[in-house]
file structure16.csv (CSV, C-alpha atoms)
chain,number,residue,atom,x,y,z
F,1,MET,CA,5.9,19.5,21.6
F,2,ASN,CA,6.8,20.3,18.0
F,3,ILE,CA,8.4,17.6,15.8
F,4,ILE,CA,9.2,17.8,12.1
F,5,ASP,CA,7.3,15.0,10.4
F,6,ARG,CA,8.6,15.7,6.8
F,7,PHE,CA,9.2,18.3,4.2
F,8,GLU,CA,6.8,18.9,1.3
F,9,GLU,CA,7.8,21.3,-1.4
F,10,ASP,CA,8.6,24.6,0.4
F,11,TYR,CA,7.1,23.6,3.7
F,12,ALA,CA,8.0,21.6,6.8
F,13,VAL,CA,5.1,19.6,8.1
F,14,ILE,CA,5.2,19.8,11.9
F,15,GLU,CA,3.4,17.7,14.4
F,16,THR,CA,2.2,19.9,17.3
F,17,ASP,CA,0.0,19.4,20.3
F,18,GLY,CA,-2.9,20.7,18.2
F,19,GLY,CA,-2.3,18.6,15.1
F,20,MET,CA,-0.2,19.0,11.9
F,21,ILE,CA,0.8,22.4,10.7
F,22,ASN,CA,2.8,23.7,7.7
F,23,VAL,CA,5.7,26.1,8.4
F,24,ALA,CA,7.7,27.7,5.6
F,25,ARG,CA,11.1,26.0,5.4
F,26,ALA,CA,12.7,29.4,5.3
F,27,LYS,CA,11.5,30.1,8.9
F,28,LEU,CA,13.4,27.1,10.3
F,29,PRO,CA,17.1,26.7,11.0
F,30,GLU,CA,18.9,25.8,7.9
F,31,ASN,CA,20.0,22.5,9.2
F,32,ALA,CA,16.5,21.5,10.4
F,33,ALA,CA,15.9,17.8,9.5
F,34,GLU,CA,13.1,15.4,9.6
F,35,GLY,CA,12.5,14.1,13.1
F,36,ASP,CA,13.9,17.3,14.8
F,37,VAL,CA,12.1,18.4,18.0
F,38,LEU,CA,11.6,22.1,17.8
F,39,GLU,CA,11.1,24.9,20.3
F,40,PHE,CA,9.1,27.9,19.2
F,41,THR,CA,9.9,31.0,21.4
F,42,ASP,CA,9.4,34.6,20.6
F,43,GLY,CA,8.6,33.8,17.0
F,44,VAL,CA,11.8,31.9,16.5
F,45,TRP,CA,12.1,28.2,15.8
F,46,THR,CA,15.2,26.3,17.3
F,47,ILE,CA,16.2,22.7,17.4
F,48,ASP,CA,16.2,20.8,20.6
F,49,GLU,CA,19.0,18.3,19.8
F,50,SER,CA,19.0,16.4,23.0
F,51,ALA,CA,15.2,15.9,23.0
F,52,THR,CA,15.5,14.7,19.3
F,53,GLU,CA,18.2,12.3,20.2
F,54,GLU,CA,16.3,10.9,23.2
F,55,ARG,CA,13.1,10.4,21.3
F,56,ARG,CA,14.9,8.7,18.4
F,57,ARG,CA,16.8,6.4,20.7
F,58,ASN,CA,13.6,5.4,22.6
F,59,ALA,CA,11.6,4.8,19.4
F,60,ALA,CA,14.4,2.8,17.8
F,61,SER,CA,14.7,0.6,20.9
F,62,LYS,CA,11.0,0.0,21.0
F,63,LEU,CA,10.8,-0.8,17.3
F,64,ARG,CA,13.7,-3.3,17.5
F,65,ARG,CA,12.1,-5.0,20.4
F,66,LEU,CA,8.7,-5.3,18.6
F,67,LEU,CA,10.5,-6.7,15.5
F,68,GLY,CA,12.3,-9.2,17.7
F,69,ASN,CA,15.7,-7.7,16.6
F,70,ASP,CA,16.8,-6.4,20.0
N,1,MET,CA,-14.5,-67.4,-28.5
N,2,SER,CA,-17.9,-68.2,-26.9
N,3,LYS,CA,-20.7,-65.6,-27.0
N,4,LYS,CA,-20.6,-65.3,-23.2
N,5,LYS,CA,-16.8,-64.6,-23.2
N,6,LYS,CA,-17.2,-62.0,-26.0
N,7,SER,CA,-20.0,-60.3,-24.1
N,8,LYS,CA,-17.9,-60.3,-20.9
N,9,ASN,CA,-14.9,-58.7,-22.7
N,10,LYS,CA,-17.1,-56.1,-24.3
N,11,ASN,CA,-18.5,-55.2,-20.8
N,12,GLN,CA,-15.0,-54.9,-19.4
N,13,THR,CA,-13.9,-52.7,-22.2
N,14,SER,CA,-16.9,-50.5,-21.8
N,15,SER,CA,-16.4,-50.2,-18.0
N,16,SER,CA,-12.7,-49.3,-18.5
N,17,TRP,CA,-13.7,-46.5,-20.9
N,18,SER,CA,-16.3,-45.3,-18.5
N,19,ILE,CA,-13.7,-45.2,-15.7
N,20,PHE,CA,-11.2,-43.4,-18.0
N,21,ILE,CA,-13.8,-40.8,-19.0
N,22,PHE,CA,-14.8,-40.3,-15.4
N,23,ILE,CA,-11.2,-39.7,-14.3
N,24,LEU,CA,-10.7,-37.4,-17.2
N,25,ILE,CA,-13.8,-35.3,-16.2
N,26,ILE,CA,-12.4,-35.1,-12.6
N,27,ILE,CA,-9.0,-33.9,-13.8
N,28,CYS,CA,-10.5,-31.3,-16.2
N,29,SER,CA,-12.9,-30.0,-13.5
N,30,SER,CA,-10.0,-29.6,-11.1
N,31,PHE,CA,-8.0,-27.8,-13.7
N,32,TYR,CA,-10.9,-25.5,-14.5
N,33,LYS,CA,-11.4,-24.8,-10.7
N,34,PHE,CA,-7.7,-24.1,-10.2
N,35,ASN,CA,-7.6,-21.5,-12.9
N,36,HIS,CA,-10.9,-19.9,-12.1
N,37,ASP,CA,-10.9,-19.9,-8.3
N,38,ASN,CA,-10.0,-16.2,-8.2
N,39,ILE,CA,-12.8,-15.4,-10.6
N,40,ASP,CA,-15.3,-17.3,-8.4
N,41,ASP,CA,-14.4,-15.5,-5.2
N,42,GLY,CA,-16.5,-12.4,-5.7
N,43,GLY,CA,-13.8,-10.3,-7.3
N,44,PHE,CA,-11.1,-7.9,-6.2
N,45,TYR,CA,-11.9,-4.5,-4.8
N,46,LEU,CA,-9.3,-1.8,-4.4
N,47,ASN,CA,-10.7,1.2,-2.6
N,48,PHE,CA,-8.8,4.4,-2.6
N,49,VAL,CA,-10.4,6.0,0.5
N,50,ASP,CA,-10.6,9.8,0.4
N,51,VAL,CA,-8.5,10.8,3.4
N,52,GLY,CA,-7.8,14.3,2.2
N,53,GLN,CA,-4.1,14.9,1.8
N,54,GLY,CA,-2.8,11.4,2.3
N,55,ASP,CA,-3.1,7.8,1.2
N,56,CYS,CA,-5.4,5.0,2.3
N,57,GLU,CA,-6.3,1.9,0.3
N,58,LEU,CA,-8.5,-0.9,1.3
N,59,ILE,CA,-8.3,-4.2,-0.6
N,60,THR,CA,-11.1,-6.8,-0.1
N,61,CYS,CA,-10.8,-10.1,-2.0
N,62,GLY,CA,-12.2,-13.5,-1.3
N,63,GLY,CA,-12.8,-12.7,2.4
N,64,THR,CA,-9.3,-11.2,2.9
N,65,ASN,CA,-9.0,-7.6,4.0
N,66,VAL,CA,-5.9,-5.5,3.6
N,67,LEU,CA,-5.4,-1.9,4.6
N,68,ILE,CA,-2.5,0.0,3.0
N,69,ASP,CA,-1.9,3.2,4.9
N,70,CYS,CA,-4.6,5.2,6.7
N,71,GLY,CA,-4.0,8.9,6.3
N,72,GLU,CA,-3.6,11.4,9.1
N,73,ASP,CA,-4.6,10.8,12.7
N,74,SER,CA,-7.5,13.3,12.1
N,75,LYS,CA,-8.9,11.0,9.5
N,76,ALA,CA,-8.8,7.7,11.5
N,77,ALA,CA,-12.5,8.0,12.4
N,78,ASP,CA,-13.4,8.3,8.7
N,79,VAL,CA,-11.3,5.3,7.8
N,80,ILE,CA,-12.9,3.2,10.5
N,81,ALA,CA,-16.4,4.3,9.3
N,82,TYR,CA,-15.4,3.2,5.8
N,83,LEU,CA,-14.2,-0.2,7.1
N,84,GLU,CA,-17.5,-0.6,9.0
N,85,LYS,CA,-19.5,0.3,5.9
N,86,ASN,CA,-17.7,-2.4,4.0
N,87,ASN,CA,-18.3,-5.0,6.8
N,88,VAL,CA,-14.6,-5.2,7.6
N,89,GLN,CA,-14.3,-6.8,11.0
N,90,LYS,CA,-10.7,-7.9,10.9
N,91,LEU,CA,-7.6,-7.0,8.8
N,92,ASP,CA,-5.5,-9.8,7.6
N,93,TYR,CA,-2.7,-7.4,6.6
N,94,VAL,CA,-1.9,-3.8,7.3
N,95,VAL,CA,0.8,-2.2,5.3
N,96,ALA,CA,2.2,1.0,6.6
N,97,THR,CA,4.2,2.1,3.5
N,98,HIS,CA,6.4,4.6,5.3
N,99,PRO,CA,6.3,6.6,8.6
N,100,HIS,CA,4.9,9.9,7.5
N,101,SER,CA,1.8,11.3,9.1
N,102,ASP,CA,-0.2,11.5,5.9
N,103,HIS,CA,0.2,7.7,5.5
N,104,MET,CA,0.1,6.4,9.1
N,105,GLY,CA,-0.8,9.2,11.4
N,106,GLY,CA,-3.9,7.3,12.4
N,107,MET,CA,-2.4,3.8,12.4
N,108,HIS,CA,-2.5,3.5,16.2
N,109,SER,CA,-6.3,3.8,16.0
N,110,ILE,CA,-6.5,1.0,13.4
N,111,ILE,CA,-4.3,-1.2,15.6
N,112,GLU,CA,-6.4,-0.4,18.7
N,113,ASN,CA,-9.7,-1.1,17.0
N,114,TYR,CA,-9.0,-4.2,14.8
N,115,ASP,CA,-7.6,-7.7,15.1
N,116,ILE,CA,-4.8,-7.7,12.6
N,117,GLY,CA,-3.0,-10.7,11.2
N,118,GLU,CA,0.3,-8.9,10.4
N,119,VAL,CA,1.5,-5.3,10.1
N,120,ILE,CA,4.2,-4.8,7.4
N,121,ILE,CA,6.5,-1.8,7.6
N,122,PRO,CA,9.7,-1.0,5.8
N,123,HIS,CA,13.1,-1.6,7.4
N,124,LEU,CA,14.2,1.7,8.9
N,125,PRO,CA,17.8,2.3,10.1
N,126,ASP,CA,18.1,4.0,13.4
N,127,LYS,CA,18.9,7.4,11.8
N,128,ASP,CA,15.4,7.4,10.2
N,129,VAL,CA,13.3,6.0,13.0
N,130,PRO,CA,10.6,8.7,13.5
N,131,THR,CA,10.5,10.7,16.7
N,132,THR,CA,6.9,11.7,16.1
N,133,ARG,CA,4.2,11.0,18.7
N,134,PHE,CA,1.9,9.3,16.2
N,135,PHE,CA,4.7,6.8,15.5
N,136,GLU,CA,5.2,6.3,19.2
N,137,LYS,CA,1.5,5.7,19.6
N,138,PHE,CA,1.6,3.2,16.8
N,139,LEU,CA,4.4,1.2,18.4
N,140,ASP,CA,2.7,1.3,21.8
N,141,ALA,CA,-0.6,0.0,20.2
N,142,CYS,CA,1.3,-2.8,18.6
N,143,ASP,CA,3.0,-3.6,21.9
N,144,LYS,CA,-0.3,-3.6,23.8
N,145,LYS,CA,-2.1,-5.8,21.3
N,146,LYS,CA,0.9,-8.0,20.7
N,147,THR,CA,0.4,-7.4,17.0
N,148,LYS,CA,2.7,-9.3,14.7
N,149,ILE,CA,4.9,-6.7,12.9
N,150,SER,CA,7.4,-7.5,10.3
N,151,GLU,CA,9.7,-5.7,7.8
N,152,ALA,CA,8.9,-5.8,4.1
N,153,LYS,CA,11.1,-8.1,2.1
N,154,VAL,CA,11.4,-7.5,-1.6
N,155,GLY,CA,10.3,-10.6,-3.5
N,156,ARG,CA,7.9,-11.8,-0.8
N,157,ASN,CA,4.6,-12.9,-2.3
N,158,ILE,CA,1.5,-12.6,-0.2
N,159,LYS,CA,-2.0,-13.9,-1.0
N,160,PHE,CA,-4.7,-11.3,-0.7
N,161,GLY,CA,-7.5,-13.8,-1.1
N,162,GLY,CA,-7.4,-14.8,-4.8
N,163,ALA,CA,-5.0,-11.9,-5.6
N,164,ASP,CA,-1.2,-12.2,-5.5
N,165,ALA,CA,0.8,-9.3,-4.0
N,166,GLU,CA,4.5,-9.0,-4.6
N,167,ILE,CA,6.6,-6.7,-2.5
N,168,ILE,CA,8.8,-4.7,-4.9
N,169,SER,CA,10.4,-2.1,-2.7
N,170,PRO,CA,12.2,-0.8,-0.7
N,171,ASN,CA,15.3,-2.3,-2.2
N,172,SER,CA,18.0,-0.5,-0.2
N,173,GLN,CA,18.8,-0.5,3.5
N,174,SER,CA,19.3,3.2,3.7
N,175,TYR,CA,18.0,6.3,1.9
N,176,ASP,CA,18.5,10.0,2.1
N,177,ASP,CA,14.7,10.6,1.8
N,178,VAL,CA,12.3,8.6,4.0
N,179,ASN,CA,9.8,8.5,1.1
N,180,ASN,CA,12.1,6.0,-0.6
N,181,TYR,CA,11.5,3.5,2.2
N,182,SER,CA,7.9,3.2,0.9
N,183,VAL,CA,6.7,-0.4,0.7
N,184,GLY,CA,5.7,-1.0,-3.0
N,185,LEU,CA,3.3,-3.7,-4.1
N,186,LEU,CA,2.6,-5.2,-7.5
N,187,ILE,CA,-0.7,-7.0,-7.2
N,188,THR,CA,-2.1,-9.5,-9.7
N,189,TYR,CA,-5.7,-10.7,-9.9
N,190,GLY,CA,-6.5,-12.9,-12.8
N,191,GLU,CA,-5.4,-10.9,-15.8
N,192,ASN,CA,-5.4,-7.6,-14.1
N,193,ARG,CA,-2.5,-5.8,-12.4
N,194,PHE,CA,-2.3,-3.0,-9.9
N,195,ILE,CA,0.7,-1.1,-8.6
N,196,LEU,CA,0.9,0.9,-5.4
N,197,THR,CA,4.2,2.6,-4.3
N,198,GLY,CA,3.3,4.9,-1.5
N,199,ASP,CA,5.5,8.0,-1.8
N,200,ALA,CA,8.5,6.2,-3.4
N,201,GLU,CA,10.5,8.7,-5.5
N,202,THR,CA,12.5,8.2,-8.6
N,203,VAL,CA,15.5,6.8,-6.6
N,204,SER,CA,13.3,3.9,-5.5
N,205,GLU,CA,11.5,3.6,-8.8
N,206,LYS,CA,15.0,3.2,-10.5
N,207,GLU,CA,15.8,0.3,-8.2
N,208,ILE,CA,12.4,-1.3,-9.0
N,209,LEU,CA,13.0,-0.9,-12.7
N,210,GLU,CA,16.5,-2.5,-12.4
N,211,ASN,CA,14.9,-5.6,-10.8
N,212,GLY,CA,13.0,-6.2,-13.9
N,213,VAL,CA,9.7,-6.9,-12.1
N,214,LEU,CA,7.5,-4.2,-13.7
N,215,LYS,CA,4.8,-5.1,-16.2
N,216,LYS,CA,2.0,-3.3,-17.9
N,217,VAL,CA,-0.6,-2.5,-15.3
N,218,ASP,CA,-4.3,-1.8,-15.3
N,219,VAL,CA,-4.2,0.6,-12.4
N,220,TYR,CA,-1.4,2.8,-11.1
N,221,LYS,CA,-1.6,4.8,-7.9
N,222,ALA,CA,0.5,7.9,-8.7
N,223,GLY,CA,3.5,8.0,-6.4
N,224,HIS,CA,3.6,10.7,-3.8
N,225,HIS,CA,0.2,12.2,-4.5
N,226,GLY,CA,1.2,13.1,-8.0
N,227,SER,CA,4.3,15.0,-7.0
N,228,THR,CA,7.1,15.5,-9.6
N,229,SER,CA,9.4,13.5,-7.3
N,230,SER,CA,7.7,10.3,-8.5
N,231,GLY,CA,6.5,8.8,-11.7
N,232,SER,CA,9.6,9.0,-13.8
N,233,LYS,CA,9.4,8.6,-17.6
N,234,LYS,CA,11.0,5.2,-17.6
N,235,PHE,CA,8.8,4.0,-14.7
N,236,LEU,CA,5.6,5.0,-16.6
N,237,GLU,CA,7.0,3.5,-19.8
N,238,ALA,CA,7.4,0.2,-18.0
N,239,ILE,CA,3.9,0.1,-16.5
N,240,GLN,CA,1.9,1.9,-19.2
N,241,PRO,CA,-1.1,2.3,-16.9
N,242,ASP,CA,-4.7,2.1,-18.3
N,243,ILE,CA,-6.0,3.9,-15.2
N,244,ALA,CA,-4.3,6.3,-12.8
N,245,VAL,CA,-5.5,7.2,-9.4
N,246,ILE,CA,-4.1,10.2,-7.5
N,247,SER,CA,-4.7,10.4,-3.7
N,248,CYS,CA,-4.5,14.0,-2.6
N,249,GLY,CA,-6.5,16.6,-0.6
N,250,ALA,CA,-8.6,19.3,-2.2
N,251,GLY,CA,-6.8,22.6,-2.1
N,252,ASN,CA,-3.6,21.1,-0.6
N,253,SER,CA,-0.7,23.4,0.1
N,254,TYR,CA,1.8,21.4,-1.9
N,255,GLY,CA,0.4,21.7,-5.4
N,256,HIS,CA,-0.4,18.0,-5.6
N,257,PRO,CA,-0.9,16.7,-8.2
N,258,ALA,CA,1.7,18.6,-10.3
N,259,LYS,CA,0.7,19.7,-13.7
N,260,LYS,CA,3.8,17.9,-15.1
N,261,THR,CA,2.6,14.7,-13.6
N,262,LEU,CA,-0.9,15.0,-15.2
N,263,THR,CA,0.8,15.7,-18.6
N,264,SER,CA,2.9,12.6,-18.2
N,265,LEU,CA,0.0,10.4,-17.2
N,266,LYS,CA,-2.1,11.7,-20.1
N,267,LYS,CA,0.4,10.1,-22.5
N,268,TYR,CA,-0.9,6.8,-21.3
N,269,THR,CA,-4.5,7.3,-20.3
N,270,ASP,CA,-7.3,9.8,-20.0
N,271,GLU,CA,-8.8,7.8,-17.2
N,272,ILE,CA,-7.2,9.7,-14.3
N,273,TYR,CA,-9.1,9.7,-11.0
N,274,ARG,CA,-8.3,12.0,-8.1
N,275,THR,CA,-9.6,11.8,-4.5
N,276,ASP,CA,-9.6,15.6,-4.3
N,277,LEU,CA,-12.1,15.8,-7.1
N,278,ASN,CA,-13.8,12.4,-7.1
N,279,GLY,CA,-13.8,11.5,-3.4
N,280,THR,CA,-13.4,7.8,-2.6
N,281,ILE,CA,-12.6,5.8,-5.7
N,282,VAL,CA,-13.5,2.1,-6.0
N,283,VAL,CA,-11.7,-0.1,-8.5
N,284,TYR,CA,-13.3,-3.5,-9.2
N,285,SER,CA,-11.8,-6.4,-11.1
N,286,ASP,CA,-13.4,-9.7,-12.0
N,287,GLY,CA,-10.1,-11.0,-13.1
N,288,LYS,CA,-10.5,-9.9,-16.7
N,289,THR,CA,-11.8,-6.4,-16.8
N,290,VAL,CA,-11.5,-3.4,-14.4
N,291,SER,CA,-14.3,-1.0,-13.6
N,292,VAL,CA,-14.2,2.2,-11.5
N,293,THR,CA,-16.9,3.9,-9.5
N,294,THR,CA,-16.4,7.2,-7.7
N,295,GLU,CA,-18.1,9.1,-4.9
N,296,ARG,CA,-18.3,12.2,-6.9
N,297,GLN,CA,-18.1,12.9,-10.6
N,298,GLY,CA,-15.5,15.7,-10.3
N,299,LYS,CA,-13.6,17.4,-13.1

call {"tool": "encode", "arguments": {"input": "structure16.csv", "output": "structure tokens"}}
result
Amino acid sequence: MNIIDRFEEDYAVIETDGGMINVARAKLPENAAEGDVLEFTDGVWTIDESATEERRRNAASKLRRLLGND
Amino acid sequence: MSKKKKSKNKNQTSSSWSIFIFILIIICSSFYKFNHDNIDDGGFYLNFVDVGQGDCELITCGGTNVLIDCGEDSKAADVIAYLEKNNVQKLDYVVATHPHSDHMGGMHSIIENYDIGEVIIPHLPDKDVPTTRFFEKFLDACDKKKTKISEAKVGRNIKFGGADAEIISPNSQSYDDVNNYSVGLLITYGENRFILTGDAETVSEKEILENGVLKKVDVYKAGHHGSTSSGSKKFLEAIQPDIAVISCGAGNSYGHPAKKTLTSLKKYTDEIYRTDLNGTIVVYSDGKTVSVTTERQGK
């Protein structure tokens, strides 16, 4: 699974199964944002919006529970 | 008055004076101890641990251990080795300044391996809660260990042994850039001050300035690894650092620290240390003076 951790200068820093990698921003969809789950197929990066939304929802729910804010 | 009565009165007066002087000595000793407790506790150590491209600071003071960030997941073993080398067996506080991998990628390992008094993180609105697996592992580790986790509150003062740490950021509930959620700390130990702001950028620095909490500091960790996104002119004017420390990786892909940052810092100090050149940097304060030792000389 590939997830955008952050952007640094001209790069997106992406969490992959093998660790963190830098990918030139220009190679990602223009609307790519921090936290997006990405697919990499045939040399093309695309955003998996439903996976992004699900991971965010689950993480937020877990965080609120641990903070006692649920 | 008879001689006996005169003698008795003289003895009573003498005793009263003795008691008064004794009480005065007790009061003065207590006052001295109160003002010098922090100087007698072995001093304040602020370790900037070399974690490559990332941040990790270990504070040890009077038996209290505080870890601020821990770098990437790939550096967790190095951080743990450093903690062991410094005989750290428990962490009273862990501050995860903000949820980027170069600051808390390895935090799950820290949680798994140590008893922790409290983890402090910034408030994150749902839109900015990370989807990354390292963050998920961090949450799961806290869940499993039943770790106390709380959100940073600006204005909160925390005792790090004999040092006082004030949380100075984040000041807003929502930001466009996650870096601005960075938990910032202004730490005082005796007459010395230290400021750590994670990756807080000029937006957050402006808020900190507006709160009027900034003072001249002895040591400033350059924000965001010395990127031009941090360390505004007004911010540096307010803190006028005597010593600057930049935490970044050798040959990093992002050009950290920026030349412009180095130029700005040199207006205030020539004592600029960098983990990419100097390795781990240890700052020591006895409450009056600050000294620095480095793993490597570097240039």

call {"tool": "closest_atom_pairs", "arguments": {"input": "structure16.csv", "of": "chain N", "to": "chain F", "cutoff": "7 Å", "atoms": "all atoms listed in the file", "output": "Markdown table"}}
result
| residue | atom | partner | partner_atom | distance |
| --- | --- | --- | --- | --- |
| N:His100 | CA | F:Asp5 | CA | 6.3 |
| N:Ser101 | CA | F:Asp5 | CA | 6.8 |
| N:Asp126 | CA | F:Ala60 | CA | 5.9 |
| N:Val129 | CA | F:Ala60 | CA | 5.9 |
| N:Pro130 | CA | F:Gly35 | CA | 5.7 |
| N:Thr131 | CA | F:Arg56 | CA | 5.1 |
| N:Thr132 | CA | F:Ile3 | CA | 6.1 |
| N:Glu136 | CA | F:Ala59 | CA | 6.6 |
| N:Leu139 | CA | F:Leu63 | CA | 6.8 |
| N:Asp143 | CA | F:Leu66 | CA | 6.8 |
| N:Ile149 | CA | F:Leu67 | CA | 6.2 |
| N:Ser150 | CA | F:Leu67 | CA | 6.1 |
| N:Tyr254 | CA | F:Glu9 | CA | 6.0 |

call {"tool": "atom_distance", "arguments": {"input": "structure16.csv", "atom1": "CA of Leu38 in chain F", "atom2": "CA of Gly105 in chain N"}}
result
19.0 Å

call {"tool": "residues_near_point", "arguments": {"input": "structure16.csv", "point": "(16.4, 0.7, -11.2)", "cutoff": "12 Å", "atoms": "all atoms listed in the file", "output": "PyMOL selection string"}}
result
chain N and resi 168-172+201-214+232+234-235+238

call {"tool": "atom_distance", "arguments": {"input": "structure16.csv", "atom1": "CA of Lys288 in chain N", "atom2": "CA of Phe194 in chain N"}}
result
12.7 Å

call {"tool": "atom_distance", "arguments": {"input": "structure16.csv", "atom1": "CA of Asp92 in chain N", "atom2": "CA of Val119 in chain N"}}
result
8.7 Å

call {"tool": "residues_near_point", "arguments": {"input": "structure16.csv", "point": "(10.4, 33.3, 9.6)", "cutoff": "9 Å", "atoms": "only C-alpha atoms", "output": "VMD selection string"}}
result
chain F and resid 23 to 28 43 to 45

call {"tool": "write_last_selection", "arguments": {"input": "structure16.csv", "atoms": "C-alpha atoms", "output": "PDB file, in the coordinates of the input"}}
result
ATOM      1  CA  VAL F  23       5.700  26.100   8.400  1.00  0.00           C
ATOM      2  CA  ALA F  24       7.700  27.700   5.600  1.00  0.00           C
ATOM      3  CA  ARG F  25      11.100  26.000   5.400  1.00  0.00           C
ATOM      4  CA  ALA F  26      12.700  29.400   5.300  1.00  0.00           C
ATOM      5  CA  LYS F  27      11.500  30.100   8.900  1.00  0.00           C
ATOM      6  CA  LEU F  28      13.400  27.100  10.300  1.00  0.00           C
ATOM      7  CA  GLY F  43       8.600  33.800  17.000  1.00  0.00           C
ATOM      8  CA  VAL F  44      11.800  31.900  16.500  1.00  0.00           C
ATOM      9  CA  TRP F  45      12.100  28.200  15.800  1.00  0.00           C
TER      10      TRP F  45
END

call {"tool": "closest_residue", "arguments": {"input": "structure16.csv", "among": "N:Asp286, N:Leu58, N:Val154, N:Pro241", "to": "Tyr189 in chain N", "atoms": "all atoms listed in the file"}}
result
N:Asp286

call {"tool": "build_atoms", "arguments": {"input": "structure16.csv", "residues": "range 58-64 of chain N", "atoms": "all heavy atoms", "output": "PDB file, in the frame of the given file"}}
result
ATOM      1  N   LEU N  58      -7.949   0.279   0.758  1.00  0.00           N
ATOM      2  CA  LEU N  58      -8.500  -0.900   1.300  1.00  0.00           C
ATOM      3  C   LEU N  58      -8.718  -1.943   0.208  1.00  0.00           C
ATOM      4  O   LEU N  58      -9.361  -1.629  -0.786  1.00  0.00           O
ATOM      5  CB  LEU N  58      -9.872  -0.661   2.004  1.00  0.00           C
ATOM      6  CG  LEU N  58     -10.673  -1.906   2.415  1.00  0.00           C
ATOM      7  CD1 LEU N  58      -9.986  -2.643   3.559  1.00  0.00           C
ATOM      8  CD2 LEU N  58     -12.104  -1.536   2.813  1.00  0.00           C
ATOM      9  N   ILE N  59      -8.129  -3.141   0.384  1.00  0.00           N
ATOM     10  CA  ILE N  59      -8.300  -4.200  -0.600  1.00  0.00           C
ATOM     11  C   ILE N  59      -9.201  -5.274   0.079  1.00  0.00           C
ATOM     12  O   ILE N  59      -8.931  -5.695   1.213  1.00  0.00           O
ATOM     13  CB  ILE N  59      -6.991  -4.846  -1.011  1.00  0.00           C
ATOM     14  CG1 ILE N  59      -6.208  -3.859  -1.882  1.00  0.00           C
ATOM     15  CG2 ILE N  59      -7.207  -6.160  -1.749  1.00  0.00           C
ATOM     16  CD1 ILE N  59      -4.787  -4.282  -2.186  1.00  0.00           C
ATOM     17  N   THR N  60     -10.266  -5.693  -0.629  1.00  0.00           N
ATOM     18  CA  THR N  60     -11.100  -6.800  -0.100  1.00  0.00           C
ATOM     19  C   THR N  60     -11.141  -7.820  -1.297  1.00  0.00           C
ATOM     20  O   THR N  60     -11.447  -7.453  -2.436  1.00  0.00           O
ATOM     21  CB  THR N  60     -12.468  -6.414   0.310  1.00  0.00           C
ATOM     22  OG1 THR N  60     -13.173  -5.833  -0.787  1.00  0.00           O
ATOM     23  CG2 THR N  60     -12.413  -5.409   1.441  1.00  0.00           C
ATOM     24  N   CYS N  61     -10.839  -9.080  -0.983  1.00  0.00           N
ATOM     25  CA  CYS N  61     -10.800 -10.100  -2.000  1.00  0.00           C
ATOM     26  C   CYS N  61     -10.988 -11.456  -1.389  1.00  0.00           C
ATOM     27  O   CYS N  61     -10.137 -11.861  -0.576  1.00  0.00           O
ATOM     28  CB  CYS N  61      -9.500 -10.012  -2.808  1.00  0.00           C
ATOM     29  SG  CYS N  61      -9.408 -11.172  -4.188  1.00  0.00           S
ATOM     30  N   GLY N  62     -12.039 -12.144  -1.747  1.00  0.00           N
ATOM     31  CA  GLY N  62     -12.200 -13.500  -1.300  1.00  0.00           C
ATOM     32  C   GLY N  62     -12.196 -13.622   0.252  1.00  0.00           C
ATOM     33  O   GLY N  62     -11.669 -14.605   0.782  1.00  0.00           O
ATOM     34  N   GLY N  63     -12.741 -12.640   0.948  1.00  0.00           N
ATOM     35  CA  GLY N  63     -12.800 -12.700   2.400  1.00  0.00           C
ATOM     36  C   GLY N  63     -11.536 -12.180   3.097  1.00  0.00           C
ATOM     37  O   GLY N  63     -11.472 -12.117   4.322  1.00  0.00           O
ATOM     38  N   THR N  64     -10.512 -11.806   2.302  1.00  0.00           N
ATOM     39  CA  THR N  64      -9.300 -11.200   2.900  1.00  0.00           C
ATOM     40  C   THR N  64      -9.363  -9.710   2.813  1.00  0.00           C
ATOM     41  O   THR N  64      -9.770  -9.157   1.799  1.00  0.00           O
ATOM     42  CB  THR N  64      -8.051 -11.728   2.118  1.00  0.00           C
ATOM     43  OG1 THR N  64      -7.971 -13.149   2.241  1.00  0.00           O
ATOM     44  CG2 THR N  64      -6.774 -11.111   2.675  1.00  0.00           C
TER      45      THR N  64
END
